[in-house]
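Engineer: Please find one structure pasted underneath; my questions will follow.
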Amino acid sequence: MKSLAMKYPGLACLSLRKPKLATQLFLQRELAISSMGEHIERTKVNYRQNIKSGATVIETKILSPTVIGVKLRVEDHSLTFFAGQWVDVFIPNVSQIGGFSMYSPPWLLEQSQQIQLAVKKSSWPPAQWVHSSCKVGDKIQIRIGGDFYYDPPSNVPIPDMIFIAGGVGINPLLSILLQLKHHFQIPNNEKHLPKNITLLYSAKQKEELLFQDTISELKNGPLKSFDYRFFVTRFPAPDDHQCDQRGSQLREGRVMEEDLRLAISKSYVENVICFICGPPPMADAIHSQLLKMGVTAKQIKYEKWW
């Protein structure tokens, strides 16, 4: 029997940067739920670039009651990253090194020397700096890292894709989706792109569902195969199901087994890649459910964030 990578070449493109991990598609970070801890210590086994670049804050904006967006202009023109990776953030006069996933796609950095972060409020010093002190003109240093990413190939078919996000776990997944959108716009490339792309995105409250307009625009743009559903675990309305102004179903509760089955049913189970990013309990539960549905560990790539 042929391997999945031979049968569906796009699966092979999920390789990691470190040769000894090249066949490993699923990495688990042992992260404490109750404490931010030290980012560098927690990610010491993860890939990091050698380049450390200066960066300037050129914009900050409120994305939700608990999340601030930060746009940076990167000084080093040789800096690159893969969609889904994060940055180490070195902040003057802050002893701890931050670690934040980018929600912007790699093509934005290539074209404008900019990256975008979305940082949730907390008592962790790097996040606290973003929410209390960060302003336009501030200068920091950044370094690219992370093994959770997807680099879409341009010459082989890409399998169907399912993205499951919780809270700010949407950041790296949106980066991947926006990079896919870019690939859809390349002439004669459409035949290699996924036939089905699904996003299942949950948050505690509706106002904490980030980038709702951007996600809606993906469906109305070149990603014709894209579908999405929002989930809210603390829902004020009495109805079990409601539709938002974008026509997407907004559901009360968590992403359930039936939601995963529906997403998988659009594809052959062996021709799908699943990306999960969110709190550890959520990531563990979704991962276990996917395995029970016949999705193999090599088809699941996830990152636990805190």
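How things are named: the first chain in the structure tokens is A, the next is B, and so on; residues count from 1 in each chain; ligands count from 1 in the order shown.
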Using only C-alpha atoms, determine which residues lie at most 9 Å from Pro65 (chain A), disregarding the query and same-chain residues fewer than 3 positions distant; provide the list as a PDB file with N, CA, C and O atoms, in the first residue's frame.
Structural biologist:
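Written out: result_24.pdb:
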ATOM      1  N   ILE A  62      -7.206  48.125  18.880  1.00  0.00           N
ATOM      2  CA  ILE A  62      -7.984  47.214  19.710  1.00  0.00           C
ATOM      3  C   ILE A  62      -8.724  46.231  18.800  1.00  0.00           C
ATOM      4  O   ILE A  62      -9.506  46.650  17.938  1.00  0.00           O
ATOM      5  N   ILE A  68      -5.068  43.183  21.713  1.00  0.00           N
ATOM      6  CA  ILE A  68      -4.550  44.347  20.986  1.00  0.00           C
ATOM      7  C   ILE A  68      -3.730  43.860  19.801  1.00  0.00           C
ATOM      8  O   ILE A  68      -2.915  42.937  19.917  1.00  0.00           O
ATOM      9  N   LYS A 121      -4.520  40.110  26.556  1.00  0.00           N
ATOM     10  CA  LYS A 121      -4.173  40.744  27.828  1.00  0.00           C
ATOM     11  C   LYS A 121      -3.899  39.692  28.897  1.00  0.00           C
ATOM     12  O   LYS A 121      -4.625  38.705  29.024  1.00  0.00           O
ATOM     13  N   GLU A 207     -17.626  38.736  20.995  1.00  0.00           N
ATOM     14  CA  GLU A 207     -16.695  39.834  20.752  1.00  0.00           C
ATOM     15  C   GLU A 207     -15.234  39.391  20.813  1.00  0.00           C
ATOM     16  O   GLU A 207     -14.329  40.132  20.413  1.00  0.00           O
ATOM     17  N   GLU A 208     -14.988  38.170  21.304  1.00  0.00           N
ATOM     18  CA  GLU A 208     -13.621  37.638  21.328  1.00  0.00           C
ATOM     19  C   GLU A 208     -13.300  36.805  20.089  1.00  0.00           C
ATOM     20  O   GLU A 208     -12.202  36.268  19.972  1.00  0.00           O
TER      21      GLU A 208
END
Engineer: Please return as a PyMOL selection string: the residues of region 93-251 of chain A that backbone DSSP assigns to strand (DSSP E or B).
Structural biologist: chain A and resi 98-102+114-120+139-145+160-166+197-203+226-232+241-243+249-251
Engineer: Rank A:Trp124, A:Trp129, A:Phe184, A:Tyr149 by their smallest atom-to-atom distance to Trp86 (chain A), using only C-alpha atoms, and report the top residue only.
Structural biologist: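 Smallest distance to Trp86 (chain A) is found for A:Tyr149.
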Engineer: DSSP on the backbone, then: every residue of region 86-143 of chain A marked alpha helix (DSSP H), written as a list of chain:residue names.
Structural biologist: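 Put together, the selection reads A:Pro106, A:Trp107, A:Leu108, A:Leu109, A:Glu110, A:Gln111, A:Ser112, A:Pro125, A:Pro126, A:Ala127, A:Gln128, A:Trp129, A:Val130, A:His131, A:Ser132.
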Engineer: I need the chosen residues saved as a tab-separated table (two decimals), in the first residue's frame, with N, CA and C atoms.
Structural biologist:
chain	number	residue	atom	x	y	z
A	106	PRO	N	3.24	35.47	5.20
A	106	PRO	CA	4.61	35.77	4.77
A	106	PRO	C	4.70	36.77	3.62
A	107	TRP	N	3.72	36.75	2.70
A	107	TRP	CA	3.82	37.65	1.55
A	107	TRP	C	3.77	39.11	1.98
A	108	LEU	N	3.11	39.43	3.11
A	108	LEU	CA	3.07	40.81	3.58
A	108	LEU	C	4.46	41.28	3.98
A	109	LEU	N	5.22	40.43	4.64
A	109	LEU	CA	6.60	40.78	5.00
A	109	LEU	C	7.45	40.95	3.75
A	110	GLU	N	7.26	40.08	2.78
A	110	GLU	CA	8.03	40.16	1.54
A	110	GLU	C	7.75	41.45	0.78
A	111	GLN	N	6.50	41.91	0.81
A	111	GLN	CA	6.12	43.07	0.01
A	111	GLN	C	6.28	44.40	0.74
A	112	SER	N	6.12	44.39	2.07
A	112	SER	CA	6.10	45.67	2.78
A	112	SER	C	6.95	45.73	4.04
A	125	PRO	N	4.64	39.66	31.68
A	125	PRO	CA	5.27	40.95	31.39
A	125	PRO	C	5.28	41.36	29.91
A	126	PRO	N	5.62	40.48	28.95
A	126	PRO	CA	5.59	40.93	27.54
A	126	PRO	C	4.19	41.33	27.09
A	127	ALA	N	3.16	40.55	27.48
A	127	ALA	CA	1.79	40.90	27.10
A	127	ALA	C	1.33	42.16	27.83
A	128	GLN	N	1.76	42.28	29.08
A	128	GLN	CA	1.39	43.47	29.86
A	128	GLN	C	1.98	44.73	29.23
A	129	TRP	N	3.20	44.62	28.70
A	129	TRP	CA	3.83	45.75	28.02
A	129	TRP	C	3.01	46.17	26.80
A	130	VAL	N	2.56	45.20	26.03
A	130	VAL	CA	1.76	45.50	24.84
A	130	VAL	C	0.50	46.26	25.23
A	131	HIS	N	-0.16	45.83	26.30
A	131	HIS	CA	-1.44	46.42	26.67
A	131	HIS	C	-1.32	47.71	27.48
A	132	SER	N	-0.18	47.94	28.11
A	132	SER	CA	-0.08	49.12	28.99
A	132	SER	C	0.91	50.18	28.50
Engineer: Which is closest to Ser53 (chain A) among A:Ile40, A:Cys274, A:Leu79, A:Leu117, if we use only C-alpha atoms?
Structural biologist: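 With only C-alpha atoms as the atom set, the closest residue is A:Leu79.
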Engineer: When you count only C-alpha atoms, which of these residues is closest to Ala55 (chain A): A:Lys139, A:His77, A:Arg42, A:Lys204?
Structural biologist: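 With only C-alpha atoms as the atom set, the closest residue is A:Lys139.
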Engineer: Fewer than 6 positions away in the same chain doesn't count, so skip those; otherwise give me all residues within 7 Å of Pro172 (chain A), counting only C-alpha atoms, as a ChimeraX atom specification.
Structural biologist: /A:83-85,101-103
Engineer: Give the answer as one residue: which of A:Leu209, A:Leu193, A:Val136, A:Ala263 has the shortest atom-to-atom distance to Ile170 (chain A), using only C-alpha atoms?
Structural biologist: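 Among the listed residues, the smallest separation from Ile170 (chain A) belongs to A:Leu209.
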Engineer: In terms of the shortest atom-to-atom distance over only C-alpha atoms, which of A:Val232, A:Val70, A:Leu291, A:Leu200 is closest to Gly169 (chain A)?
Structural biologist: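 With only C-alpha atoms as the atom set, the closest residue is A:Leu200.
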Engineer: For each of A:Leu218, A:Ile264, A:Val272, A:Ile91, take the minimum atom-to-atom distance to Asp138 (chain A), counting only C-alpha atoms, then give the residue where this is smallest.
Structural biologist: A:Ile91
Engineer: Quick one: residues within 10 Å of Val269 (chain A), only C-alpha atoms, excluding same-chain residues fewer than 6 positions away - as a PyMOL selection string?
Structural biologist: chain A and resi 160+261+293-296+299
Engineer: I'd like the contact shell of Asp88 (chain A) - 7 Å cut-off, only C-alpha atoms, skipping same-chain residues fewer than 5 positions apart - returned as a count of residues only.
Structural biologist: 7
Engineer: Can you measure CA of Gly278 (chain A) to CA of Asp147 (chain A) for me? One decimal in Å is fine.
Structural biologist: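 Taking CA of Gly278 (chain A) and CA of Asp147 (chain A), their separation equals 15.4 Å.
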